[in-house]
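**Q** Input file: input.csv. Contents: CSV, C-alpha atoms and all ligand atoms.
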```csv
chain,number,residue,atom,x,y,z
A,1,MET,CA,8.7,-1.3,38.9
A,2,LYS,CA,5.3,-3.0,38.7
A,3,ARG,CA,3.8,0.2,37.3
A,4,LEU,CA,6.4,0.4,34.6
A,5,ILE,CA,5.6,-3.1,33.5
A,6,VAL,CA,2.0,-2.3,33.3
A,7,MET,CA,2.7,0.8,31.2
A,8,VAL,CA,5.0,-1.1,28.8
A,9,THR,CA,2.3,-3.7,28.4
A,10,ALA,CA,-0.3,-1.1,27.7
A,11,PHE,CA,1.9,0.6,25.1
A,12,ALA,CA,2.5,-2.7,23.3
A,13,PHE,CA,-1.2,-3.4,23.3
A,14,VAL,CA,-2.2,0.0,21.8
A,15,PHE,CA,0.5,0.1,19.1
A,16,GLY,CA,0.8,-3.6,18.4
A,17,VAL,CA,4.0,-5.5,18.2
A,18,GLY,CA,5.4,-5.3,14.7
A,19,ALA,CA,1.9,-5.1,13.1
A,20,THR,CA,0.0,-2.3,11.6
A,21,SER,CA,-3.3,-1.9,13.4
A,22,TRP,CA,-5.6,0.8,12.1
A,23,ALA,CA,-8.8,2.0,13.7
A,24,ALA,CA,-10.4,2.1,10.2
A,25,GLU,CA,-9.4,1.4,6.7
A,26,LYS,CA,-10.4,3.6,3.7
A,27,THR,CA,-10.0,2.7,0.0
A,28,PHE,CA,-8.3,5.5,-2.0
A,29,ALA,CA,-7.7,3.8,-5.3
A,30,THR,CA,-9.1,0.8,-7.2
A,31,GLN,CA,-7.9,-0.4,-10.6
A,32,LYS,CA,-9.5,-3.3,-12.5
A,33,THR,CA,-7.5,-5.3,-15.0
A,34,LYS,CA,-8.6,-8.3,-17.0
A,35,ASP,CA,-7.8,-10.8,-14.2
A,36,VAL,CA,-7.4,-8.9,-10.9
A,37,VAL,CA,-8.7,-5.9,-9.0
A,38,VAL,CA,-6.0,-3.9,-7.3
A,39,THR,CA,-7.0,-1.8,-4.3
A,40,LEU,CA,-5.0,0.7,-2.2
A,41,LYS,CA,-6.2,1.4,1.4
A,42,SER,CA,-4.9,3.3,4.4
A,43,GLU,CA,-6.2,4.6,7.7
A,44,THR,CA,-6.6,8.1,6.4
A,45,GLY,CA,-7.7,7.1,2.8
A,46,GLN,CA,-5.1,9.2,1.1
A,47,TRP,CA,-1.4,9.6,0.4
A,48,LYS,CA,0.3,12.8,1.7
A,49,GLN,CA,3.7,14.4,1.5
A,50,GLY,CA,6.2,12.5,3.7
A,51,LYS,CA,6.0,8.9,4.8
A,52,ASN,CA,2.9,6.8,4.3
A,53,ASP,CA,1.7,3.4,5.5
A,54,PHE,CA,-0.8,1.7,3.3
A,55,ALA,CA,-2.2,-1.7,2.3
A,56,LEU,CA,-2.3,-3.1,-1.2
A,57,GLU,CA,-4.9,-5.8,-2.0
A,58,PHE,CA,-5.5,-8.1,-5.0
A,59,ALA,CA,-8.8,-9.8,-5.7
A,60,SER,CA,-10.1,-11.8,-8.6
A,61,ALA,CA,-11.8,-9.7,-11.2
A,62,LYS,CA,-14.3,-12.6,-11.6
A,63,ASP,CA,-15.5,-13.4,-8.1
A,64,LYS,CA,-13.8,-10.7,-6.0
A,65,GLN,CA,-12.0,-13.3,-3.8
A,66,PRO,CA,-8.5,-12.6,-2.6
A,67,VAL,CA,-5.8,-13.7,-5.1
A,68,ASP,CA,-2.2,-14.7,-4.2
A,69,VAL,CA,-0.2,-12.8,-6.8
A,70,GLY,CA,3.3,-13.7,-5.4
A,71,LYS,CA,6.0,-11.1,-5.9
A,72,VAL,CA,4.7,-7.5,-6.0
A,73,THR,CA,6.2,-4.1,-6.7
A,74,LEU,CA,4.7,-0.6,-6.6
A,75,ASN,CA,6.5,2.3,-8.1
A,76,THR,CA,5.5,5.9,-8.6
A,77,SER,CA,6.5,8.6,-11.0
A,78,MET,CA,5.7,12.3,-11.1
A,79,THR,CA,6.3,14.4,-14.2
A,80,MET,CA,8.0,17.7,-13.4
A,81,SER,CA,8.4,20.5,-15.8
A,82,GLY,CA,12.0,21.2,-16.7
A,83,MET,CA,13.4,18.4,-14.7
A,84,ALA,CA,13.7,14.6,-14.5
A,85,PRO,CA,10.6,12.8,-13.3
A,86,MET,CA,10.5,12.2,-9.5
A,87,ILE,CA,10.5,8.5,-8.8
A,88,ALA,CA,9.5,6.8,-5.5
A,89,GLY,CA,9.1,3.1,-4.8
A,90,ALA,CA,7.2,1.3,-2.0
A,91,THR,CA,8.6,-1.2,0.4
A,92,LEU,CA,6.1,-4.1,0.5
A,93,LYS,CA,5.7,-7.1,2.6
A,94,PRO,CA,3.0,-9.8,2.6
A,95,ASP,CA,0.4,-9.4,5.3
A,96,LYS,CA,-1.3,-12.3,7.1
A,97,THR,CA,-3.9,-12.9,4.5
A,98,PRO,CA,-3.2,-14.0,0.9
A,99,GLY,CA,-3.3,-11.2,-1.7
A,100,ARG,CA,-2.7,-8.5,0.9
A,101,TYR,CA,0.5,-6.6,1.3
A,102,LEU,CA,1.6,-3.8,3.7
A,103,GLY,CA,3.6,-1.0,2.3
A,104,THR,CA,5.4,2.2,3.1
A,105,ILE,CA,6.3,4.9,0.7
A,106,GLU,CA,7.7,8.4,1.0
A,107,PHE,CA,6.9,11.4,-1.2
A,108,ALA,CA,9.0,14.6,-1.4
A,109,ASP,CA,6.2,16.8,-2.5
A,110,THR,CA,2.5,16.9,-3.3
A,111,GLY,CA,0.8,16.3,-6.7
A,112,ALA,CA,-0.5,13.5,-8.9
A,113,ARG,CA,1.6,10.3,-9.1
A,114,GLN,CA,1.5,7.8,-12.0
A,115,VAL,CA,1.5,4.5,-10.1
A,116,THR,CA,2.7,1.2,-11.6
A,117,VAL,CA,1.8,-2.0,-9.8
A,118,ALA,CA,3.4,-5.3,-11.0
A,119,TRP,CA,3.0,-8.8,-9.9
A,120,ASP,CA,4.4,-12.3,-10.7
A,121,GLY,CA,3.2,-15.4,-9.0
A,122,PRO,CA,0.7,-18.3,-8.9
A,123,ALA,CA,-2.1,-16.3,-10.5
A,124,GLY,CA,0.2,-15.2,-13.4
A,125,LYS,CA,2.2,-12.2,-14.3
A,126,GLY,CA,0.7,-8.7,-14.9
A,127,SER,CA,1.0,-5.0,-14.3
A,128,THR,CA,-1.3,-2.0,-14.3
A,129,LYS,CA,-1.0,1.8,-14.2
A,130,PHE,CA,-3.2,4.4,-12.5
A,131,SER,CA,-3.0,7.9,-11.1
A,132,VAL,CA,-3.1,8.7,-7.3
A,133,PRO,CA,-2.9,12.2,-5.9
A,134,VAL,CA,-0.5,13.1,-3.1
A,135,ARG,CA,-2.1,15.7,-0.9
B,201,CU,CU,7.3,16.4,-7.8
```
Before we go any further, please render this structure as structure tokens.
Ligand SMILES: [Cu+2]
**A**
Amino acid sequence: MKRLIVMVTAFAFVFGVGATSWAAEKTFATQKTKDVVVTLKSETGQWKQGKNDFALEFASAKDKQPVDVGKVTLNTSMTMSGMAPMIAGATLKPDKTPGRYLGTIEFADTGARQVTVAWDGPAGKGSTKFSVPVR
């Protein structure tokens, strides 16, 4: 019984409890607008087919400091020949620090995605579009 408790504790330590803990974090997309810089990061530094965990960060375009942008959405679209575009949206929740959100998104196939990030909060309202490959 004591050994089991030790194992469970070790498991919780390694995988965290309800938190994403990455060994490293790589940036895989950055988009600058007039007011903010939007950055996508993940442990592997890419999106792949299937389910993906990632972080979305907002910083001031002026001084690069984190910016609380309030409510955020991230949607993706892929143009497919002869059929309707493939649409996928991310589930986002605020992380512990302002301007940082943790997200999950699932892609049915590989290929370039047109990403639309929109925000609405204390720093104002805005949106930006950029392309990210799914490998
Ligand atoms: Cu597709």
**Q** For A:Asp120, please output as a list in words all residues within 12 Å (counting all atoms listed in the file; exclusion window: fewer than 5 positions along the same chain).
**A** Val67, Asp68, Val69, Gly70, Lys71, Val72, Thr73, Gly99, Lys125, Gly126 and Ser127 of chain A
**Q** Using C-alpha atoms, can you export the residues from the last selection as a compact mmCIF listing (two decimals), in the frame of the given file?
**A**
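Now in result_27.txt:
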```txt
# COMPACT_ATOMS: atom_id res chain seq x y z
CA VAL A 67 -5.80 -13.70 -5.10
CA ASP A 68 -2.20 -14.70 -4.20
CA VAL A 69 -0.20 -12.80 -6.80
CA GLY A 70 3.30 -13.70 -5.40
CA LYS A 71 6.00 -11.10 -5.90
CA VAL A 72 4.70 -7.50 -6.00
CA THR A 73 6.20 -4.10 -6.70
CA GLY A 99 -3.30 -11.20 -1.70
CA LYS A 125 2.20 -12.20 -14.30
CA GLY A 126 0.70 -8.70 -14.90
CA SER A 127 1.00 -5.00 -14.30
```
**Q** Set the distance at 6 Å and use all atoms listed in the file: which residues neighbour A:Gly45 once local chain neighbours fewer than 4 positions away are removed? I'd like the list as an MDAnalysis selection string.
**A** chainID A and resid 26:28
**Q** Between A:Arg135, A:Lys93, A:Lys62, A:Lys51, which one has atoms that come closest to A:Ile105, using all atoms listed in the file?
**A** A:Lys51
**Q** Skip A:Val115 itself and residues of its chain fewer than 4 positions away, then list as a PyMOL selection string all residues within 10 Å of it, counting only C-alpha atoms.
**A** chain A and resi 74-78+87-89+128-133
**Q** List every residue of chain A that has an atom at most 12 Å from any atom of ligand CU 201 (chain B), giving for each one its closest atom pair and the distance in Å to one decimal, counting only C-alpha atoms and all ligand atoms, sorted by chain and then by ascending residue number, as CSV.
**A**
```
residue,atom,partner,partner_atom,distance
A:Gln49,CA,B:CU201,CU,10.2
A:Thr76,CA,B:CU201,CU,10.7
A:Ser77,CA,B:CU201,CU,8.5
A:Met78,CA,B:CU201,CU,5.5
A:Thr79,CA,B:CU201,CU,6.8
A:Met80,CA,B:CU201,CU,5.8
A:Ser81,CA,B:CU201,CU,9.1
A:Gly82,CA,B:CU201,CU,11.2
A:Met83,CA,B:CU201,CU,9.4
A:Ala84,CA,B:CU201,CU,9.4
A:Pro85,CA,B:CU201,CU,7.4
A:Met86,CA,B:CU201,CU,5.5
A:Ile87,CA,B:CU201,CU,8.6
A:Ala88,CA,B:CU201,CU,10.1
A:Glu106,CA,B:CU201,CU,11.9
A:Phe107,CA,B:CU201,CU,8.3
A:Ala108,CA,B:CU201,CU,6.9
A:Asp109,CA,B:CU201,CU,5.4
A:Thr110,CA,B:CU201,CU,6.6
A:Gly111,CA,B:CU201,CU,6.6
A:Ala112,CA,B:CU201,CU,8.4
A:Arg113,CA,B:CU201,CU,8.4
A:Gln114,CA,B:CU201,CU,11.2
A:Pro133,CA,B:CU201,CU,11.2
A:Val134,CA,B:CU201,CU,9.7
A:Arg135,CA,B:CU201,CU,11.7
```
**Q** Emit stretch 89-117 of chain A of the structure in the block as a file comprising N, CA and C atoms, as a short mmCIF file (atom, residue, chain, number, x, y, z; two decimals), in the first residue's frame.
**A**
```cif
data_model
loop_
_atom_site.label_atom_id
_atom_site.label_comp_id
_atom_site.auth_asym_id
_atom_site.auth_seq_id
_atom_site.Cartn_x
_atom_site.Cartn_y
_atom_site.Cartn_z
N GLY A 89 -11.59 24.84 -34.64
CA GLY A 89 -11.40 25.89 -33.64
C GLY A 89 -10.67 25.33 -32.42
N ALA A 90 -9.98 26.23 -31.72
CA ALA A 90 -9.24 25.81 -30.53
C ALA A 90 -10.08 26.03 -29.27
N THR A 91 -9.85 25.18 -28.29
CA THR A 91 -10.37 25.41 -26.95
C THR A 91 -9.27 26.14 -26.20
N LEU A 92 -9.59 27.32 -25.66
CA LEU A 92 -8.58 28.15 -25.00
C LEU A 92 -8.99 28.47 -23.57
N LYS A 93 -7.99 28.45 -22.68
CA LYS A 93 -8.27 28.95 -21.33
C LYS A 93 -7.08 29.77 -20.84
N PRO A 94 -7.34 30.80 -20.04
CA PRO A 94 -6.24 31.65 -19.57
C PRO A 94 -5.25 30.84 -18.74
N ASP A 95 -3.96 31.10 -18.93
CA ASP A 95 -2.93 30.47 -18.11
C ASP A 95 -2.70 31.34 -16.88
N LYS A 96 -1.68 31.01 -16.12
CA LYS A 96 -1.45 31.72 -14.85
C LYS A 96 -0.99 33.15 -15.03
N THR A 97 -0.31 33.44 -16.15
CA THR A 97 0.19 34.79 -16.35
C THR A 97 -0.69 35.55 -17.35
N PRO A 98 -0.82 36.87 -17.19
CA PRO A 98 -1.65 37.66 -18.10
C PRO A 98 -1.15 37.56 -19.54
N GLY A 99 -2.07 37.55 -20.48
CA GLY A 99 -1.69 37.52 -21.89
C GLY A 99 -1.28 36.17 -22.41
N ARG A 100 -1.40 35.14 -21.57
CA ARG A 100 -1.02 33.79 -22.00
C ARG A 100 -2.21 32.85 -21.83
N TYR A 101 -2.45 32.07 -22.89
CA TYR A 101 -3.58 31.14 -22.91
C TYR A 101 -3.07 29.77 -23.31
N LEU A 102 -3.70 28.74 -22.72
CA LEU A 102 -3.37 27.37 -23.11
C LEU A 102 -4.50 26.84 -23.97
N GLY A 103 -4.13 26.18 -25.07
CA GLY A 103 -5.14 25.73 -26.00
C GLY A 103 -4.95 24.30 -26.45
N THR A 104 -6.05 23.71 -26.93
CA THR A 104 -5.98 22.43 -27.62
C THR A 104 -6.74 22.58 -28.93
N ILE A 105 -6.25 21.89 -29.96
CA ILE A 105 -6.92 21.92 -31.26
C ILE A 105 -6.66 20.59 -31.96
N GLU A 106 -7.63 20.16 -32.75
CA GLU A 106 -7.49 18.88 -33.43
C GLU A 106 -7.61 19.08 -34.94
N PHE A 107 -6.67 18.48 -35.68
CA PHE A 107 -6.68 18.58 -37.14
C PHE A 107 -6.89 17.21 -37.77
N ALA A 108 -7.78 17.15 -38.76
CA ALA A 108 -8.11 15.89 -39.40
C ALA A 108 -7.07 15.48 -40.44
N ASP A 109 -6.31 16.45 -40.94
CA ASP A 109 -5.29 16.12 -41.94
C ASP A 109 -4.15 17.14 -41.88
N THR A 110 -3.14 16.92 -42.71
CA THR A 110 -2.01 17.84 -42.75
C THR A 110 -2.26 18.92 -43.79
N GLY A 111 -1.40 19.95 -43.80
CA GLY A 111 -1.52 21.02 -44.79
C GLY A 111 -1.61 22.37 -44.12
N ALA A 112 -1.47 23.42 -44.92
CA ALA A 112 -1.45 24.79 -44.39
C ALA A 112 -2.82 25.23 -43.90
N ARG A 113 -2.85 25.85 -42.72
CA ARG A 113 -4.07 26.39 -42.15
C ARG A 113 -4.03 27.91 -42.15
N GLN A 114 -5.14 28.53 -42.52
CA GLN A 114 -5.31 29.96 -42.34
C GLN A 114 -5.84 30.16 -40.93
N VAL A 115 -5.04 30.79 -40.08
CA VAL A 115 -5.39 30.94 -38.66
C VAL A 115 -5.93 32.34 -38.41
N THR A 116 -7.05 32.44 -37.73
CA THR A 116 -7.60 33.73 -37.33
C THR A 116 -7.65 33.79 -35.80
N VAL A 117 -6.93 34.76 -35.24
CA VAL A 117 -6.94 34.98 -33.79
C VAL A 117 -7.66 36.29 -33.54
#
```
